[in-house]
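Q: Could you have a look at this structure, given as structure tokens, before my questions?
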Amino acid sequence: MKRDHHSGGRREGVGEVLARLNDLRFGPLDLMPRATLAEKLIELALAGPPPGANEAIERLRELQGGLAGVDTRDAKVVVLGGGSGLSNIVGGDSRSDMWPASPFMGLKEIFPHTTSIVSIADDGGSTGELIRQFPLIALGDIRHVLLSSVQMRELRNRYGIRDGAARRIAGVLHRLINHRFEARPASPESLLDAAGVNLAGTPLAMAHGILELLELLFTHKELSKSLDTPHCLGNLLVASAIFRAAASQSAREIMGEHIVAGVRALASLIGARAGAVLPCSVTPAQLKVLYNNGVLVTGEYKSSVARRGYPVDRVFLEFASEPEIPAEVMRRIDEADIIVLAPGSTYTSIVPVLQAPGIADAIRRNKGALKILVANLWVQRGETDLVYDDPARRYHVSDLISAYNRNIPGGVGGLFRQVMVLGLQRIPGDVIQNYAVEKKTPIYLDRANVSAMGFEPVEAMIFSQEALHARNVIQHDPASMALTVKTLWAIKDYCNRDDCAEWRDLPLTYSDKKPIVRRDGATPYARMREAGARLGGLDMNEAMRDAFTRLLWNHRDIPLDHLDLINGAVFIDKADWRRSQDWDNVLSFYDPQDGIVKLRSDIEANPLRFEVGLLVAIGESLLGNYAAKKWVAPLNGGGDCFGKVYNLQLCPPDERRCYLSEVELHDYLTLVRMCRSDSDDFLYRRVIGGSRAFTPPGLMFGLTYAWYIDNRFASHIEYKMSIMKMEITDLIPEQLSLLFFRRALVEFFRRCVFRCELSTYTGIRREHGRGGAVING
């Protein structure tokens, strides 16, 4: 007779069933694959019990039903991150063309009280244009997550619509918010037509609210200027909602409370829960990336397209002013039952959120919450394609944790306990091979190392089977992710984690919890306004002025005072080009006689070479009129010529116009192997042996300047710097000397040219001041 495991009609709880099954020497759970109890239960929730019809299988089905029946309606979930990784686990990737087919899935459906705390570090595409045009935070990730947060129940409760209509409305919103335009639209109606959107199919109140926001885009004095540049319409709707909340004609009057109110209002309008999406900060900020070769560059987008060839050491979120964190962000974290760190770009999604002051500490203070880190699926080029301490080996989950530990104030202690990892065992090998052809490789689970750190690896089948079978694509599946979190939530009070190692303190390299704030308080918007004013006073045509403007926007590491010695810029016809090309084929230079940047006209048709030419010339301009005279003399002895001597006579200090100080100029010339004369402090020489190639110091400065900004622009310097990637031994002392000079040159450019002291970002203290780089180590 079948045994009754119910008492008085009461269904046993998950814990009771688990306790009874675990009392057996060989229990039904042993039939489930996977290593740990949590992994077995997740497998059961996702795939069900093995086939069969015996009591053990029946008990597993009973347990599966218990897991499915756990009430999550009142559980409060906070998810932190940015971009597609965050939006995907919350409610599916809302940028995908597939999203309208299944818009109501993910954490938001199983956990209705889900709040997303979103990164504000994005600066590419339409988002970048907006922060260039207005003193706003980055809105692209917010827009993305807002659409993913639209819920069936919110549409039903707010607008009284049924399920079928809700799906149609989600499709309309998808077309509206993801629409991109290239040319200025004539009217709100033409914009809707171009997007393929008919608001007649939406609730009247929703249609009215959307039209109000669109009208404001066309009628607001400042906001309407955004229509002149290509944009994603969803970003403009978020901006319009913020301007509407501010009820002001001036963008400079927008405050943090208006940003939060605008995002809340738009969420409510489109059928997401008010407060479902919050920015991690309402203060404009930008990301700075430090590579382990010493180069420090600015911008999330720039870091994503860079091919530096060196591992990322650390990243820093630099705020334009003292950062303001919305009070609601802290309250939601304090009240959370579940906290999830979403997958995404390692250095540009989670880290910027947790560098917003107070957020990491708030997570640590919440002792009762279930805390989960969702590991990324793939190595990301430019970020995790090289391991910090060993660039030759492949990337593991423990490397991911170590990267977070290096970059999050106070480290990763108390931020998460479980690490959710995609199980690769059931993914066909040919699919992995196809990704490898595209230079994508998985982040591998090194279970023993992760456990030794004090974390519990949870390997699960959390990828989309549908995407795998239909498109051979591997990505996190929102429904599977939500069920996995639900299972961990169901068993969190039962599972005894005493077998998991205690948290082991990892070495901290970023322990300072004080935010990094710009000294000048400039937002990207303010910087570009000043740039426009500076360029307006220079002698150049509009096309050249536009090129300089694009350059200063794309490369925000260029201080605006790097333009101080430039009076203008001009193209010179090839037939009139008189500059000697004995040393190079760079078709641009800075002329210290008149302060004009001169470019040969034929490079204008090649955008990359044009950009390189501008950067090299701007770099050269920083030396100003440092050289009074340059000449080459033969090096003779015993009737033979052994080479040449390059001579450089400096302009006297009282006549010199130069960005560098006297000490800095000397340091630079020493770093490029120029030797100061014993008899004349302003004369420098260098011996050039035989027919060996030589790069004069002025050109070397311009090329190194371009390389530091973006190493793709100066392969000659990239070749010289490649010694920093080599394994150096003491067998050849010259290698050590050369390595020292290369590292010192990078430090010189970071500190003396781009005025970036590492102590500002890392707390590292230097013994020397602004006098120049250390060159006598």
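A note on labels: chains of the structure tokens are A, B, ... as shown, every chain counts residues from 1, and ligands are counted from 1 in their shown order.
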Hey, what's within 12 Å of Leu296 of chain A if we count only C-alpha atoms and toss same-chain stuff fewer than 5 positions away? As an NGL selection string, please?

A: :A and (287-291 or 302-303 or 308 or 310 or 312-316 or 555-558 or 707-710 or 746-751 or 753-758 or 760-762)

Q: Write out as a PyMOL selection string all residues of segment 333-581 of chain A that DSSP puts in alpha helix (DSSP H) for this structure's backbone.

A: chain A and resi 333-335+351-355+359-365+397-407+429-437+447-452+465-471+478-491+524-536+542-554

Q: Using atom CA of Ala166 of chain A and atom CA of Leu67 of chain A as the two end points, give the distance in Å to one decimal.

A: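 These atoms are spaced 28.2 Å apart.
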
Q: Could you list, as an mmCIF file with N, CA and C atoms, in the first residue's frame, every residue within 10 Å of Val586 of chain A, counting only C-alpha atoms and ignoring same-chain residues fewer than 3 positions away?

A:
```
data_model
loop_
_atom_site.group_PDB
_atom_site.id
_atom_site.type_symbol
_atom_site.label_atom_id
_atom_site.label_comp_id
_atom_site.auth_asym_id
_atom_site.auth_seq_id
_atom_site.Cartn_x
_atom_site.Cartn_y
_atom_site.Cartn_z
ATOM 1 N N GLN A 581 60.282 64.112 -44.545
ATOM 2 C CA GLN A 581 59.789 62.814 -44.074
ATOM 3 C C GLN A 581 60.949 61.841 -43.899
ATOM 4 N N TRP A 583 62.453 61.000 -41.250
ATOM 5 C CA TRP A 583 62.344 60.182 -40.046
ATOM 6 C C TRP A 583 61.043 59.389 -39.964
ATOM 7 N N PHE A 589 51.960 67.660 -38.348
ATOM 8 C CA PHE A 589 52.920 68.148 -37.365
ATOM 9 C C PHE A 589 52.403 69.453 -36.768
ATOM 10 N N LEU A 599 48.250 69.485 -41.450
ATOM 11 C CA LEU A 599 48.013 68.120 -41.912
ATOM 12 C C LEU A 599 48.000 68.099 -43.427
ATOM 13 N N ARG A 600 48.592 67.069 -44.004
ATOM 14 C CA ARG A 600 48.558 66.966 -45.460
ATOM 15 C C ARG A 600 47.146 66.591 -45.887
ATOM 16 N N ILE A 603 45.206 62.983 -46.179
ATOM 17 C CA ILE A 603 44.830 62.067 -45.094
ATOM 18 C C ILE A 603 43.393 62.309 -44.619
ATOM 19 N N ARG A 609 43.662 57.553 -40.158
ATOM 20 C CA ARG A 609 44.935 58.271 -40.290
ATOM 21 C C ARG A 609 44.761 59.745 -39.936
ATOM 22 N N VAL A 612 44.777 59.874 -36.130
ATOM 23 C CA VAL A 612 46.143 59.691 -35.645
ATOM 24 C C VAL A 612 46.946 60.973 -35.864
ATOM 25 N N GLY A 613 46.776 61.569 -37.040
ATOM 26 C CA GLY A 613 47.508 62.798 -37.347
ATOM 27 C C GLY A 613 47.197 63.915 -36.363
ATOM 28 N N VAL A 616 48.855 63.018 -32.894
ATOM 29 C CA VAL A 616 50.306 63.198 -32.903
ATOM 30 C C VAL A 616 50.647 64.690 -32.844
ATOM 31 N N ALA A 617 49.932 65.494 -33.617
ATOM 32 C CA ALA A 617 50.213 66.931 -33.648
ATOM 33 C C ALA A 617 49.872 67.602 -32.321
ATOM 34 N N LEU A 699 58.851 63.979 -32.356
ATOM 35 C CA LEU A 699 57.960 63.000 -32.974
ATOM 36 C C LEU A 699 57.646 61.873 -31.998
ATOM 37 N N LEU A 703 53.951 60.556 -31.004
ATOM 38 C CA LEU A 703 53.548 59.161 -31.207
ATOM 39 C C LEU A 703 53.183 58.490 -29.889
#
```

Q: Which neighbours of segment 116-129 of chain A fall inside 6 Å, counting only C-alpha atoms, when residues of the same chain fewer than 4 positions from it are skipped, and could you give them as a PyMOL selection string?

A: chain A and resi 78-82+138+140+231-232+277-280+286-287+300-301+353

Q: Report the closest atom pair, with its distance in Å rounded to one decimal, for each residue of segment 520-615 of chain A that has an atom no farther than 12 Å from segment 249-270 of chain A; count only C-alpha atoms, sort by chain and then rising residue number, and write it as CSV.

A:
```
residue,atom,partner,partner_atom,distance
A:Thr523,CA,A:Arg252,CA,11.1
A:Tyr525,CA,A:Arg252,CA,10.2
A:Ala526,CA,A:Arg252,CA,10.0
```

Q: From the options A:Leu736, A:Met528, A:Leu745, A:Ile566, which residue's atoms come nearest to Asn293 of chain A, counting only C-alpha atoms?

A: A:Leu745

Q: Which of segment 414-618 of chain A end up as strand (DSSP E or B) when DSSP is run on this backbone - answer as a count of residues only?

A: 31

Q: What is the distance, in Å and to one decimal place, between atom CA of Thr202 of chain A and atom CA of Tyr159 of chain A?

A: 9.5 Å

Q: In Å, how far is it from atom CA of Leu217 of chain A to atom CA of Leu147 of chain A?

A: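 Spanning atom CA of Leu217 of chain A to atom CA of Leu147 of chain A is a straight-line distance of 19.7 Å.
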
Q: With only C-alpha atoms as the counted atoms, please give the residues lying no more than 12 Å from Arg153 of chain A, apart from itself and same-chain residues fewer than 4 positions off, as a PDB file with all heavy atoms, in the first residue's frame.

A:
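What landed in out16.pdb:
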```
ATOM      1  N   ARG A  73       5.537  35.630  -3.417  1.00  0.00           N
ATOM      2  CA  ARG A  73       4.867  36.880  -3.773  1.00  0.00           C
ATOM      3  C   ARG A  73       5.333  38.058  -2.935  1.00  0.00           C
ATOM      4  O   ARG A  73       5.326  39.197  -3.406  1.00  0.00           O
ATOM      5  CB  ARG A  73       3.348  36.711  -3.639  1.00  0.00           C
ATOM      6  CG  ARG A  73       2.730  35.843  -4.721  1.00  0.00           C
ATOM      7  CD  ARG A  73       1.272  35.583  -4.441  1.00  0.00           C
ATOM      8  NE  ARG A  73       1.102  34.807  -3.200  1.00  0.00           N
ATOM      9  CZ  ARG A  73      -0.080  34.454  -2.707  1.00  0.00           C
ATOM     10  NH1 ARG A  73      -1.196  34.810  -3.338  1.00  0.00           N
ATOM     11  NH2 ARG A  73      -0.157  33.735  -1.599  1.00  0.00           N
ATOM     12  N   PHE A 104       7.057  38.281 -20.519  1.00  0.00           N
ATOM     13  CA  PHE A 104       6.725  38.183 -19.094  1.00  0.00           C
ATOM     14  C   PHE A 104       7.363  36.925 -18.498  1.00  0.00           C
ATOM     15  O   PHE A 104       6.709  35.902 -18.305  1.00  0.00           O
ATOM     16  CB  PHE A 104       5.207  38.188 -18.904  1.00  0.00           C
ATOM     17  CG  PHE A 104       4.546  39.385 -19.537  1.00  0.00           C
ATOM     18  CD1 PHE A 104       3.641  39.222 -20.586  1.00  0.00           C
ATOM     19  CD2 PHE A 104       4.847  40.663 -19.115  1.00  0.00           C
ATOM     20  CE1 PHE A 104       3.046  40.315 -21.178  1.00  0.00           C
ATOM     21  CE2 PHE A 104       4.255  41.768 -19.713  1.00  0.00           C
ATOM     22  CZ  PHE A 104       3.357  41.602 -20.749  1.00  0.00           C
ATOM     23  N   MET A 105       8.634  37.018 -18.226  1.00  0.00           N
ATOM     24  CA  MET A 105       9.377  35.906 -17.637  1.00  0.00           C
ATOM     25  C   MET A 105      10.468  36.501 -16.769  1.00  0.00           C
ATOM     26  O   MET A 105      10.648  37.713 -16.686  1.00  0.00           O
ATOM     27  CB  MET A 105       9.978  35.025 -18.726  1.00  0.00           C
ATOM     28  CG  MET A 105      11.016  35.742 -19.592  1.00  0.00           C
ATOM     29  SD  MET A 105      11.994  34.632 -20.607  1.00  0.00           S
ATOM     30  CE  MET A 105      10.839  34.270 -21.889  1.00  0.00           C
ATOM     31  N   LYS A 108      11.119  39.023 -12.367  1.00  0.00           N
ATOM     32  CA  LYS A 108       9.998  39.926 -12.102  1.00  0.00           C
ATOM     33  C   LYS A 108       8.673  39.179 -11.997  1.00  0.00           C
ATOM     34  O   LYS A 108       7.752  39.653 -11.321  1.00  0.00           O
ATOM     35  CB  LYS A 108       9.915  40.973 -13.208  1.00  0.00           C
ATOM     36  CG  LYS A 108       9.505  40.387 -14.573  1.00  0.00           C
ATOM     37  CD  LYS A 108       9.483  41.409 -15.671  1.00  0.00           C
ATOM     38  CE  LYS A 108       9.056  40.782 -17.004  1.00  0.00           C
ATOM     39  NZ  LYS A 108       9.123  41.722 -18.119  1.00  0.00           N
ATOM     40  N   GLU A 109       8.569  38.025 -12.669  1.00  0.00           N
ATOM     41  CA  GLU A 109       7.301  37.290 -12.639  1.00  0.00           C
ATOM     42  C   GLU A 109       7.207  36.370 -11.424  1.00  0.00           C
ATOM     43  O   GLU A 109       6.147  36.222 -10.829  1.00  0.00           O
ATOM     44  CB  GLU A 109       7.129  36.481 -13.935  1.00  0.00           C
ATOM     45  CG  GLU A 109       6.928  37.355 -15.163  1.00  0.00           C
ATOM     46  CD  GLU A 109       5.723  38.298 -15.020  1.00  0.00           C
ATOM     47  OE1 GLU A 109       4.630  37.834 -14.633  1.00  0.00           O
ATOM     48  OE2 GLU A 109       5.892  39.493 -15.305  1.00  0.00           O
ATOM     49  N   ILE A 110       8.304  35.735 -11.042  1.00  0.00           N
ATOM     50  CA  ILE A 110       8.290  34.857  -9.866  1.00  0.00           C
ATOM     51  C   ILE A 110       8.402  35.678  -8.581  1.00  0.00           C
ATOM     52  O   ILE A 110       7.806  35.342  -7.554  1.00  0.00           O
ATOM     53  CB  ILE A 110       9.434  33.833  -9.971  1.00  0.00           C
ATOM     54  CG1 ILE A 110       9.112  32.832 -11.091  1.00  0.00           C
ATOM     55  CG2 ILE A 110       9.648  33.093  -8.654  1.00  0.00           C
ATOM     56  CD1 ILE A 110      10.147  31.745 -11.262  1.00  0.00           C
ATOM     57  N   PHE A 111       9.159  36.792  -8.666  1.00  0.00           N
ATOM     58  CA  PHE A 111       9.318  37.692  -7.515  1.00  0.00           C
ATOM     59  C   PHE A 111       8.799  39.072  -7.926  1.00  0.00           C
ATOM     60  O   PHE A 111       9.558  39.898  -8.431  1.00  0.00           O
ATOM     61  CB  PHE A 111      10.785  37.780  -7.099  1.00  0.00           C
ATOM     62  CG  PHE A 111      11.402  36.485  -6.673  1.00  0.00           C
ATOM     63  CD1 PHE A 111      12.117  35.704  -7.571  1.00  0.00           C
ATOM     64  CD2 PHE A 111      11.275  36.040  -5.363  1.00  0.00           C
ATOM     65  CE1 PHE A 111      12.688  34.511  -7.180  1.00  0.00           C
ATOM     66  CE2 PHE A 111      11.857  34.840  -4.957  1.00  0.00           C
ATOM     67  CZ  PHE A 111      12.558  34.069  -5.874  1.00  0.00           C
ATOM     68  N   PRO A 112       7.509  39.341  -7.726  1.00  0.00           N
ATOM     69  CA  PRO A 112       6.932  40.602  -8.202  1.00  0.00           C
ATOM     70  C   PRO A 112       7.598  41.835  -7.608  1.00  0.00           C
ATOM     71  O   PRO A 112       7.617  42.889  -8.233  1.00  0.00           O
ATOM     72  CB  PRO A 112       5.466  40.512  -7.764  1.00  0.00           C
ATOM     73  CG  PRO A 112       5.204  39.048  -7.580  1.00  0.00           C
ATOM     74  CD  PRO A 112       6.492  38.461  -7.110  1.00  0.00           C
ATOM     75  N   HIS A 113       8.163  41.713  -6.401  1.00  0.00           N
ATOM     76  CA  HIS A 113       8.819  42.859  -5.762  1.00  0.00           C
ATOM     77  C   HIS A 113      10.318  42.821  -6.059  1.00  0.00           C
ATOM     78  O   HIS A 113      11.150  42.703  -5.148  1.00  0.00           O
ATOM     79  CB  HIS A 113       8.561  42.841  -4.260  1.00  0.00           C
ATOM     80  CG  HIS A 113       7.119  42.973  -3.900  1.00  0.00           C
ATOM     81  ND1 HIS A 113       6.445  44.167  -3.979  1.00  0.00           N
ATOM     82  CD2 HIS A 113       6.209  42.050  -3.497  1.00  0.00           C
ATOM     83  CE1 HIS A 113       5.187  43.980  -3.618  1.00  0.00           C
ATOM     84  NE2 HIS A 113       5.018  42.696  -3.324  1.00  0.00           N
ATOM     85  N   SER A 149      11.412  45.288 -17.245  1.00  0.00           N
ATOM     86  CA  SER A 149      10.696  45.221 -15.971  1.00  0.00           C
ATOM     87  C   SER A 149       9.179  45.325 -16.111  1.00  0.00           C
ATOM     88  O   SER A 149       8.457  45.271 -15.105  1.00  0.00           O
ATOM     89  CB  SER A 149      11.192  46.344 -15.041  1.00  0.00           C
ATOM     90  OG  SER A 149      12.579  46.205 -14.789  1.00  0.00           O
ATOM     91  N   ASN A 157      -3.377  45.370 -13.346  1.00  0.00           N
ATOM     92  CA  ASN A 157      -3.900  46.156 -12.230  1.00  0.00           C
ATOM     93  C   ASN A 157      -4.064  47.628 -12.586  1.00  0.00           C
ATOM     94  O   ASN A 157      -5.012  48.286 -12.148  1.00  0.00           O
ATOM     95  CB  ASN A 157      -2.971  46.034 -11.018  1.00  0.00           C
ATOM     96  CG  ASN A 157      -2.938  44.631 -10.452  1.00  0.00           C
ATOM     97  OD1 ASN A 157      -3.840  43.826 -10.717  1.00  0.00           O
ATOM     98  ND2 ASN A 157      -1.907  44.308  -9.688  1.00  0.00           N
ATOM     99  N   ARG A 158      -3.131  48.157 -13.381  1.00  0.00           N
ATOM    100  CA  ARG A 158      -3.158  49.590 -13.647  1.00  0.00           C
ATOM    101  C   ARG A 158      -4.128  49.944 -14.763  1.00  0.00           C
ATOM    102  O   ARG A 158      -4.805  50.976 -14.717  1.00  0.00           O
ATOM    103  CB  ARG A 158      -1.751  50.067 -14.006  1.00  0.00           C
ATOM    104  CG  ARG A 158      -1.613  51.586 -14.072  1.00  0.00           C
ATOM    105  CD  ARG A 158      -0.146  51.979 -14.064  1.00  0.00           C
ATOM    106  NE  ARG A 158       0.503  51.469 -12.868  1.00  0.00           N
ATOM    107  CZ  ARG A 158       1.704  50.919 -12.859  1.00  0.00           C
ATOM    108  NH1 ARG A 158       2.387  50.820 -13.978  1.00  0.00           N
ATOM    109  NH2 ARG A 158       2.225  50.475 -11.733  1.00  0.00           N
ATOM    110  N   TYR A 159      -4.165  49.090 -15.782  1.00  0.00           N
ATOM    111  CA  TYR A 159      -4.948  49.435 -16.958  1.00  0.00           C
ATOM    112  C   TYR A 159      -6.128  48.490 -17.203  1.00  0.00           C
ATOM    113  O   TYR A 159      -6.908  48.699 -18.139  1.00  0.00           O
ATOM    114  CB  TYR A 159      -4.055  49.453 -18.204  1.00  0.00           C
ATOM    115  CG  TYR A 159      -2.984  50.522 -18.146  1.00  0.00           C
ATOM    116  CD1 TYR A 159      -1.640  50.182 -18.071  1.00  0.00           C
ATOM    117  CD2 TYR A 159      -3.311  51.875 -18.175  1.00  0.00           C
ATOM    118  CE1 TYR A 159      -0.647  51.146 -18.024  1.00  0.00           C
ATOM    119  CE2 TYR A 159      -2.327  52.851 -18.132  1.00  0.00           C
ATOM    120  CZ  TYR A 159      -1.004  52.486 -18.048  1.00  0.00           C
ATOM    121  OH  TYR A 159      -0.034  53.453 -17.999  1.00  0.00           O
ATOM    122  N   GLY A 160      -6.237  47.431 -16.395  1.00  0.00           N
ATOM    123  CA  GLY A 160      -7.361  46.511 -16.527  1.00  0.00           C
ATOM    124  C   GLY A 160      -7.363  45.724 -17.813  1.00  0.00           C
ATOM    125  O   GLY A 160      -8.441  45.381 -18.322  1.00  0.00           O
ATOM    126  N   ILE A 161      -6.196  45.416 -18.354  1.00  0.00           N
ATOM    127  CA  ILE A 161      -6.134  44.699 -19.625  1.00  0.00           C
ATOM    128  C   ILE A 161      -5.899  43.216 -19.395  1.00  0.00           C
ATOM    129  O   ILE A 161      -5.397  42.798 -18.352  1.00  0.00           O
ATOM    130  CB  ILE A 161      -5.032  45.276 -20.536  1.00  0.00           C
ATOM    131  CG1 ILE A 161      -3.675  45.181 -19.840  1.00  0.00           C
ATOM    132  CG2 ILE A 161      -5.327  46.700 -20.912  1.00  0.00           C
ATOM    133  CD1 ILE A 161      -2.545  45.688 -20.665  1.00  0.00           C
ATOM    134  N   ARG A 162      -6.234  42.409 -20.374  1.00  0.00           N
ATOM    135  CA  ARG A 162      -6.089  40.962 -20.273  1.00  0.00           C
ATOM    136  C   ARG A 162      -4.753  40.503 -20.845  1.00  0.00           C
ATOM    137  O   ARG A 162      -4.025  41.275 -21.467  1.00  0.00           O
ATOM    138  CB  ARG A 162      -7.249  40.277 -21.001  1.00  0.00           C
ATOM    139  CG  ARG A 162      -8.604  40.606 -20.382  1.00  0.00           C
ATOM    140  CD  ARG A 162      -9.715  39.839 -21.054  1.00  0.00           C
ATOM    141  NE  ARG A 162     -11.009  40.105 -20.423  1.00  0.00           N
ATOM    142  CZ  ARG A 162     -12.148  39.553 -20.803  1.00  0.00           C
ATOM    143  NH1 ARG A 162     -12.153  38.695 -21.819  1.00  0.00           N
ATOM    144  NH2 ARG A 162     -13.269  39.860 -20.184  1.00  0.00           N
ATOM    145  N   ASP A 163      -4.494  39.196 -20.664  1.00  0.00           N
ATOM    146  CA  ASP A 163      -3.179  38.670 -20.996  1.00  0.00           C
ATOM    147  C   ASP A 163      -2.802  38.882 -22.459  1.00  0.00           C
ATOM    148  O   ASP A 163      -1.689  39.290 -22.767  1.00  0.00           O
ATOM    149  CB  ASP A 163      -3.110  37.186 -20.653  1.00  0.00           C
ATOM    150  CG  ASP A 163      -3.172  36.960 -19.146  1.00  0.00           C
ATOM    151  OD1 ASP A 163      -3.263  37.960 -18.414  1.00  0.00           O
ATOM    152  OD2 ASP A 163      -3.140  35.782 -18.718  1.00  0.00           O
ATOM    153  N   ALA A 166      -1.945  42.368 -23.127  1.00  0.00           N
ATOM    154  CA  ALA A 166      -0.686  42.729 -22.474  1.00  0.00           C
ATOM    155  C   ALA A 166       0.502  42.385 -23.371  1.00  0.00           C
ATOM    156  O   ALA A 166       1.465  43.144 -23.458  1.00  0.00           O
ATOM    157  CB  ALA A 166      -0.573  42.015 -21.133  1.00  0.00           C
ATOM    158  N   ARG A 167       0.435  41.247 -24.034  1.00  0.00           N
ATOM    159  CA  ARG A 167       1.531  40.860 -24.921  1.00  0.00           C
ATOM    160  C   ARG A 167       1.616  41.805 -26.118  1.00  0.00           C
ATOM    161  O   ARG A 167       2.713  42.163 -26.569  1.00  0.00           O
ATOM    162  CB  ARG A 167       1.356  39.423 -25.392  1.00  0.00           C
ATOM    163  CG  ARG A 167       1.469  38.412 -24.263  1.00  0.00           C
ATOM    164  CD  ARG A 167       1.348  36.975 -24.758  1.00  0.00           C
ATOM    165  NE  ARG A 167       1.286  36.066 -23.633  1.00  0.00           N
ATOM    166  CZ  ARG A 167       2.325  35.658 -22.916  1.00  0.00           C
ATOM    167  NH1 ARG A 167       3.525  36.066 -23.260  1.00  0.00           N
ATOM    168  NH2 ARG A 167       2.172  34.842 -21.901  1.00  0.00           N
ATOM    169  N   GLY A 271       4.000  50.160 -17.436  1.00  0.00           N
ATOM    170  CA  GLY A 271       3.552  48.903 -16.853  1.00  0.00           C
ATOM    171  C   GLY A 271       4.600  48.169 -16.041  1.00  0.00           C
ATOM    172  O   GLY A 271       4.474  46.968 -15.798  1.00  0.00           O
ATOM    173  N   ALA A 272       5.635  48.881 -15.614  1.00  0.00           N
ATOM    174  CA  ALA A 272       6.579  48.329 -14.640  1.00  0.00           C
ATOM    175  C   ALA A 272       6.183  48.874 -13.271  1.00  0.00           C
ATOM    176  O   ALA A 272       5.479  49.884 -13.176  1.00  0.00           O
ATOM    177  CB  ALA A 272       8.010  48.722 -14.984  1.00  0.00           C
ATOM    178  N   ARG A 273       6.632  48.207 -12.235  1.00  0.00           N
ATOM    179  CA  ARG A 273       6.315  48.682 -10.893  1.00  0.00           C
ATOM    180  C   ARG A 273       7.070  49.980 -10.633  1.00  0.00           C
ATOM    181  O   ARG A 273       8.250  50.100 -10.921  1.00  0.00           O
ATOM    182  CB  ARG A 273       6.697  47.614  -9.870  1.00  0.00           C
ATOM    183  CG  ARG A 273       6.301  47.917  -8.440  1.00  0.00           C
ATOM    184  CD  ARG A 273       6.601  46.711  -7.552  1.00  0.00           C
ATOM    185  NE  ARG A 273       7.968  46.238  -7.733  1.00  0.00           N
ATOM    186  CZ  ARG A 273       9.019  46.792  -7.152  1.00  0.00           C
ATOM    187  NH1 ARG A 273       8.868  47.835  -6.354  1.00  0.00           N
ATOM    188  NH2 ARG A 273      10.225  46.308  -7.368  1.00  0.00           N
TER     189      ARG A 273
END
```

Q: Leaving out segment 534-538 of chain A and any residue of its chain fewer than 4 positions from it, which residues lie within 8 Å of it when counting only C-alpha atoms, given as a PDB file with N, CA and C atoms, in the first residue's frame?

A:
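And here is the file that came out, selection19.pdb:
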```pdb
ATOM      1  N   GLU A 530      32.962  73.761 -22.570  1.00  0.00           N
ATOM      2  CA  GLU A 530      34.222  74.500 -22.512  1.00  0.00           C
ATOM      3  C   GLU A 530      35.058  74.225 -23.752  1.00  0.00           C
ATOM      4  N   ARG A 545      37.002  72.007 -37.066  1.00  0.00           N
ATOM      5  CA  ARG A 545      36.512  72.200 -35.690  1.00  0.00           C
ATOM      6  C   ARG A 545      35.660  71.010 -35.257  1.00  0.00           C
ATOM      7  N   PHE A 548      38.044  68.160 -34.351  1.00  0.00           N
ATOM      8  CA  PHE A 548      38.611  68.348 -33.011  1.00  0.00           C
ATOM      9  C   PHE A 548      37.577  68.040 -31.933  1.00  0.00           C
ATOM     10  N   THR A 549      36.333  68.446 -32.174  1.00  0.00           N
ATOM     11  CA  THR A 549      35.269  68.192 -31.191  1.00  0.00           C
ATOM     12  C   THR A 549      35.060  66.698 -31.009  1.00  0.00           C
ATOM     13  N   ILE A 566      48.019  75.739 -29.146  1.00  0.00           N
ATOM     14  CA  ILE A 566      47.547  75.605 -30.524  1.00  0.00           C
ATOM     15  C   ILE A 566      46.750  76.850 -30.909  1.00  0.00           C
ATOM     16  N   ASN A 567      47.120  77.462 -32.009  1.00  0.00           N
ATOM     17  CA  ASN A 567      46.403  78.644 -32.505  1.00  0.00           C
ATOM     18  C   ASN A 567      45.397  78.314 -33.598  1.00  0.00           C
ATOM     19  N   GLY A 568      45.541  77.146 -34.200  1.00  0.00           N
ATOM     20  CA  GLY A 568      44.630  76.774 -35.266  1.00  0.00           C
ATOM     21  C   GLY A 568      45.074  75.473 -35.915  1.00  0.00           C
ATOM     22  N   ALA A 569      44.395  75.109 -37.006  1.00  0.00           N
ATOM     23  CA  ALA A 569      44.726  73.891 -37.748  1.00  0.00           C
ATOM     24  C   ALA A 569      44.336  74.083 -39.205  1.00  0.00           C
TER      25      ALA A 569
END
```

Q: Can you tell me, as a VMD selection string, what residues are no more than 10 Å from Val687 of chain A when counting only C-alpha atoms, ignoring any on the same chain fewer than 4 positions away?

A: chain A and resid 632 to 635 642 to 647 673 to 675 694

Q: Taking only C-alpha atoms into account, name the residue in A:Val145, A:Leu139, A:Ile474, A:Val597 that is nearest to Arg95 of chain A.

A: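 Checking each of A:Val145, A:Leu139, A:Ile474, A:Val597 against Arg95 of chain A, counting only C-alpha atoms, the winner is A:Val145.
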
Q: Which one of A:Phe455, A:Trp489, A:Phe463, A:Tyr668 sits closest to Asp477 of chain A if you count only C-alpha atoms?

A: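 Using only C-alpha atoms, the shortest distance to Asp477 of chain A belongs to A:Phe463.
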